[in-house]
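Colleague: Starting off with a structure, shown below.
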Amino acid sequence: MTAEEIISRVNSERLKKGRFPTRIIYIHTFFDYNAIIKELSASCDEVLNLADFTDDDILPNISSFYDEARKHENKQILFLSFGEYLRICGRREKSKALGHFPGLWECMQSVDSTTKFIIPLFCDREIFEILTSNIDERMKDFIWCLNRGLDDRRYNIEIYSQDFIGSITPDAGSLKEWLSRWETLFSNTIGGNLKLLTKLYRHAEPTSGLININIYDSPFKYVVSQVSDGDKLKDSYASPKFWSTMIQHLKANQPFSETIKSVLSISQFDPITILVRFDNLNEDQLNAFFIWYKIYESNDYYTWAISKAKKVSDIRRYIRDAVFDLAEIKDEFAEQRRSALRLLKVSYNEGYFEKIQKVPKAEDRFKLLTCQTIEECACAIKMVSELLRSECDIKNILNIIKKIYPDLYEYLEPDCYACDEIMDYFEWYRKCKIINRVNINMPNSIDYNAIDSRNKVIQQSETNGYKAFWVDGLGVEWMPLLLSRAKALEMEVDIVPNVAKALLPTETTHNHKWNARDIKWDKLDKLSHEGIVDNKNDYFLCIAKQFETIREIVDEVERMLLVQNKVLITGDHGSSRLAALAFHDRENRPITPPPNATVHSFGRYIEIKDDARFLLSRSMEDVELDGRHYIVMKTYEHFTQSGNAAGGNSDDNPVAGEIHGGMTPEEYLVPVIVISRKVPLPAAVVSETSKRRGFTYTLSGEP
């Protein structure tokens with residue numbers, strides 16, 4: 001039928017009586033729909049829009065709609081938006097218990113009534129035929145079909161659940177808005193895509209044809225439908241909120257990897273570039289990173305570890321611990337793991353270190369350490385100690401240590417910094433200190449007479465002025481680390497190292513040669529004596545802290561060189577771990593001091609009074625200082641004195657503690673290192689700094 005024929009039919013039925021009031025008009029194109037609606041609105045007596053009987057996002061009040069229609073008896077009433085209701089709520093209308101339309105179509109009235117319900121249906125023929133499968137023969141003439149027009153435009157309606165709130169911009173946010181605006185939306189749409197967000201999505205059904213309806217009840221299903229590899233995704237990988245957010249980043253018809261890269265703001269996926277900002281990633285970015293390793297596998301440690309995690313919060317732990325599940329720890333995996341852990345804030349507890357100790361190969365145990373934390377450093381030192389006790393060849397281990405813990409490597413394998421005798425002795429001493437067992441067989445062949453006093457070396461360094469930095473307890477033991485760290489300074493410097501002798505006895509009281517203009521730190525000496533506060537029973541943690549303190553010393557020197565051209569580093573004395581251990585060794589019997597002698601420093605030296613005579617042994621040195629008479633131990637023997645230098649120490653219970661006062665090389669020899677700027681500061685900078693309270697250094701003091 002043509003539009004004119006339909007309008008003529010409507011007009012001709014105005015006074016026609018009959019039991020069946022409902023008339024259906026099939027319309028195939030929206031252009032034709034718009035045109036005929038204008039005609040019908042002019043021809044009919046009343047126009048009722050179902051939108052006016054719909055509140056927000058709830059089903060229309062069909063009963064009220066019918067009641068209103070019945071008020072207009074013997075009139076022609078145009079029903080608008082009824083077709084859109086059938087389109088959006090078609091599934092519901094198919095229910096015999098819930099559907100309203102079949103009753104409207106089949107309703108009957110008085111045989112003398114002229115009431116007509118005119119219902120135009122735009123592209124709803126299929127749903128109408130389903131709902132009215134058995135049409136009364138008397139009603140077949142009440143279904144009119146408008147001839148198909150030339151407009152073949154197609155429309156896509158996407159219906160979203162409320163889980164999509166915030167992730168899409170709908171054309172209508174409720175059923176009422178859709179019924180009120182659908183004509184305008186169809187008229188204005190470009191490309192024929194329309195979005196409806198409604199909690200009534202369950203009442204709709206997917207359709208295809210001139211109007212395609214796609215229903216998205218969850219953001220996850222929508223994402224899956226939009227990307228080319230959606231079959232790899234699982235809803236359980238993330239929360240509905242995440243999948244909802246992903247819609248804003250979707251790269252349609254591309255792999256989901258492109259969406260992940262968009263979320264992470266990267267063009268190429270590199271785990272290191274993500275881990276370096278891991279703590280600053282938002283929740284969606286963390287989930288995107290997590291999902292990458294669920295669906296895109298590669299032969300690396302990151303895939304091995306992260307794919308085992310059940311949730312995002314497990315990523316750190318699995319990067320740390322998944323390595324223990326490997327049958328073989330490859331160098332590549334170990335390096336990737338270390339790279340990751342160095343970027344992440346990961347804690348290490350006792351249980352973790354127990355797992356490391358159970359790894360069969362010693363090399364593998366060291367590969368698992370990053371030495372980014374003091375606890376890991378202590379673990380590395382402890383493992384080296386155990387290997388040295390077992391007299392294992394640690395050459396291969398040292399190559400690994402050089403990468404993960406340079407300070408420990410420099411401590412055990414230092415560059416040349418002194419004569420062979422000094423180098424050989426301190427190589428022996430450092431290893432003994434790490435082994436942490438009594439060893440009184442000193443291989444000391446150092447000629448002390450060939451070594452200048454600290455005072456003389458300092459005087460020779462005063463030609464152009466300097467700032468003195470005194471570190472209590474800084475012996476030659478630490479010289480390799482100091483030099484190594486100083487060479488790594490960012491500013492260009494000249495370094496002049498010297499080995500010097502402290503004053504005997506090697507106590508601070510006798511070596512207090514600094515003044516108010518100098519800088520003095522006590523931290524290293526306190527560590528040597530007392531260990532870590534509240535953790536004295538972790539000797540290896542104490543050593544790690546000593547290494548850390550050496551770094552802090554050089555960092556302080558660098559700050560000093562910002563206002564000073566030259567800095568001189570030295571110590572008042574060193575300290576001895578082996579002397580502390582020997583103090584408690586039953587086989588190292590103490591020597592009874594002469595009457596009236598005063599014993600000091602766990603028996604490392606005595607002060608003799610009243611010209612008491614005492615027969616010196618080869619292990620003792622007779623010293624006259626400031627009018628006083630001392631006898632100082634050159635070995636690990638000691639005079640009788642009570643005390644607790646490192647009491648209770650054993651392989652299983654390493655107790656911190658070092659002592660000094662004697663004449664062993666580690667107590668007696670101190671470094672004097674002059675570090676100078678290659679490019680001097682402007683004179684005005686140094687001059688201005690020197691005016692401040694008589695100090696040439698004003699940046700910071702001891703941490």
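To be explicit about the labels: the chains of the structure tokens are called A, B, and onward in the order shown, and within each one the residues are counted from 1, while ligands get numbers from 1 in the order they are shown.
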As a PyMOL selection string, please: every residue in stretch 334-509 of chain A that a backbone DSSP assignment puts in helix (DSSP H, G or I).

Modeller: chain A and resi 334-343+350-357+362-367+374-389+395-404+406-412+420-435+448-450+454-460+476-487+508-509

Colleague: Could you give me, as a VMD selection string, the residues within 12 Å of A:Thr509, counting only C-alpha atoms and dropping anything in the same chain fewer than 2 positions from it?

Modeller: chain A and resid 472 502 to 507 511 to 514 572 to 573 600 to 601 625 to 626 660 to 661

Colleague: DSSP on the backbone, then: every residue of stretch 97-242 of chain A marked strand (DSSP E or B), written as JSON, numbers by chain.

Modeller: {"A": [116, 117, 118, 119, 120, 121, 122, 143, 144, 145, 155, 156, 157, 158, 159, 160, 165, 168, 172, 193, 194, 195, 196, 197, 207, 211, 212, 213, 214, 215, 216]}

Colleague: Put those residues in a file: N, CA, C and O atoms, as a short mmCIF file (atom, residue, chain, number, x, y, z; two decimals), in the first residue's frame.

Modeller:
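result.cif written:
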data_model
loop_
_atom_site.label_atom_id
_atom_site.label_comp_id
_atom_site.auth_asym_id
_atom_site.auth_seq_id
_atom_site.Cartn_x
_atom_site.Cartn_y
_atom_site.Cartn_z
N LYS A 116 -10.74 3.26 17.15
CA LYS A 116 -9.64 2.64 16.41
C LYS A 116 -8.31 2.98 17.10
O LYS A 116 -8.06 4.13 17.48
N PHE A 117 -7.45 1.93 17.24
CA PHE A 117 -6.07 2.11 17.74
C PHE A 117 -5.13 1.95 16.55
O PHE A 117 -5.00 0.86 15.99
N ILE A 118 -4.51 3.03 16.15
CA ILE A 118 -3.61 3.01 15.00
C ILE A 118 -2.16 2.88 15.53
O ILE A 118 -1.66 3.78 16.21
N ILE A 119 -1.52 1.74 15.20
CA ILE A 119 -0.17 1.49 15.74
C ILE A 119 0.82 1.33 14.59
O ILE A 119 0.87 0.28 13.93
N PRO A 120 1.63 2.35 14.30
CA PRO A 120 2.67 2.23 13.27
C PRO A 120 3.88 1.49 13.86
O PRO A 120 4.33 1.78 14.97
N LEU A 121 4.38 0.53 13.12
CA LEU A 121 5.55 -0.24 13.56
C LEU A 121 6.67 -0.07 12.55
O LEU A 121 6.55 -0.50 11.39
N PHE A 122 7.74 0.52 13.01
CA PHE A 122 8.91 0.73 12.14
C PHE A 122 9.87 -0.45 12.31
O PHE A 122 10.45 -0.64 13.37
N ILE A 143 -4.07 -5.36 9.08
CA ILE A 143 -2.61 -5.24 9.02
C ILE A 143 -2.26 -4.65 7.67
O ILE A 143 -2.51 -5.27 6.62
N TRP A 144 -1.73 -3.44 7.69
CA TRP A 144 -1.43 -2.73 6.45
C TRP A 144 0.08 -2.56 6.33
O TRP A 144 0.78 -2.27 7.29
N CYS A 145 0.56 -2.73 5.16
CA CYS A 145 2.02 -2.66 4.93
C CYS A 145 2.31 -1.55 3.93
O CYS A 145 1.84 -1.60 2.78
N TYR A 155 20.55 0.54 10.80
CA TYR A 155 20.82 1.11 12.12
C TYR A 155 21.34 0.00 13.05
O TYR A 155 20.90 -1.15 12.97
N ASN A 156 22.24 0.41 13.91
CA ASN A 156 22.75 -0.49 14.95
C ASN A 156 22.40 0.10 16.31
O ASN A 156 22.80 1.22 16.63
N ILE A 157 21.65 -0.65 17.05
CA ILE A 157 21.31 -0.22 18.41
C ILE A 157 22.09 -1.10 19.39
O ILE A 157 21.98 -2.33 19.37
N GLU A 158 22.87 -0.45 20.22
CA GLU A 158 23.64 -1.16 21.24
C GLU A 158 23.00 -0.88 22.59
O GLU A 158 22.88 0.28 23.01
N ILE A 159 22.57 -1.95 23.25
CA ILE A 159 21.90 -1.82 24.55
C ILE A 159 22.86 -2.27 25.64
O ILE A 159 23.38 -3.40 25.59
N TYR A 160 23.11 -1.39 26.60
CA TYR A 160 24.11 -1.64 27.64
C TYR A 160 23.45 -1.73 29.01
O TYR A 160 22.50 -0.99 29.31
N ILE A 165 27.98 2.35 33.11
CA ILE A 165 27.90 3.76 33.51
C ILE A 165 29.31 4.31 33.71
O ILE A 165 30.13 3.75 34.42
N ILE A 168 30.76 4.53 28.83
CA ILE A 168 30.23 4.89 27.52
C ILE A 168 29.42 6.18 27.67
O ILE A 168 29.01 6.55 28.76
N ALA A 172 20.79 7.55 25.06
CA ALA A 172 19.67 7.59 26.00
C ALA A 172 20.07 6.78 27.23
O ALA A 172 20.57 5.66 27.10
N ASN A 193 24.58 4.31 14.35
CA ASN A 193 24.91 3.66 15.62
C ASN A 193 24.30 4.43 16.78
O ASN A 193 24.57 5.62 16.96
N LEU A 194 23.50 3.74 17.57
CA LEU A 194 22.84 4.37 18.72
C LEU A 194 23.08 3.53 19.97
O LEU A 194 23.11 2.30 19.91
N LYS A 195 23.23 4.23 21.10
CA LYS A 195 23.53 3.55 22.36
C LYS A 195 22.44 3.84 23.38
O LYS A 195 22.10 5.00 23.63
N LEU A 196 21.93 2.77 23.97
CA LEU A 196 20.93 2.88 25.05
C LEU A 196 21.49 2.19 26.29
O LEU A 196 21.90 1.03 26.23
N LEU A 197 21.50 2.91 27.40
CA LEU A 197 21.95 2.34 28.66
C LEU A 197 20.72 2.18 29.55
O LEU A 197 20.05 3.17 29.89
N THR A 207 18.88 -8.79 17.46
CA THR A 207 18.23 -8.93 16.16
C THR A 207 19.20 -8.52 15.07
O THR A 207 20.21 -7.85 15.33
N ILE A 211 17.59 -3.11 11.25
CA ILE A 211 17.97 -2.63 12.59
C ILE A 211 18.59 -3.79 13.35
O ILE A 211 17.93 -4.80 13.63
N ASN A 212 19.87 -3.65 13.63
CA ASN A 212 20.59 -4.68 14.39
C ASN A 212 20.61 -4.27 15.86
O ASN A 212 20.92 -3.11 16.18
N ILE A 213 20.31 -5.20 16.71
CA ILE A 213 20.38 -4.94 18.14
C ILE A 213 21.45 -5.84 18.75
O ILE A 213 21.40 -7.07 18.60
N ASN A 214 22.40 -5.23 19.41
CA ASN A 214 23.42 -5.96 20.16
C ASN A 214 23.28 -5.60 21.63
O ASN A 214 23.15 -4.41 21.98
N ILE A 215 23.28 -6.61 22.46
CA ILE A 215 23.07 -6.40 23.90
C ILE A 215 24.35 -6.74 24.65
O ILE A 215 24.93 -7.82 24.46
N TYR A 216 24.78 -5.83 25.48
CA TYR A 216 26.00 -6.03 26.27
C TYR A 216 25.63 -5.96 27.75
O TYR A 216 25.38 -4.88 28.29
#

Colleague: Might you pull out every residue within 9 Å of A:Glu106, with only C-alpha atoms counted and same-chain residues fewer than 5 positions away left off, and present them as number ranges by chain?

Modeller: A: 20-22, 101, 132, 135-136, 139

Colleague: Using only C-alpha atoms, pick whichever of A:Asp279, A:Val323, A:Lys367, A:Met246 has the shortest atom-to-atom distance to A:Val346.

Modeller: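 That would be A:Asp279, the residue with the smallest distance to A:Val346.
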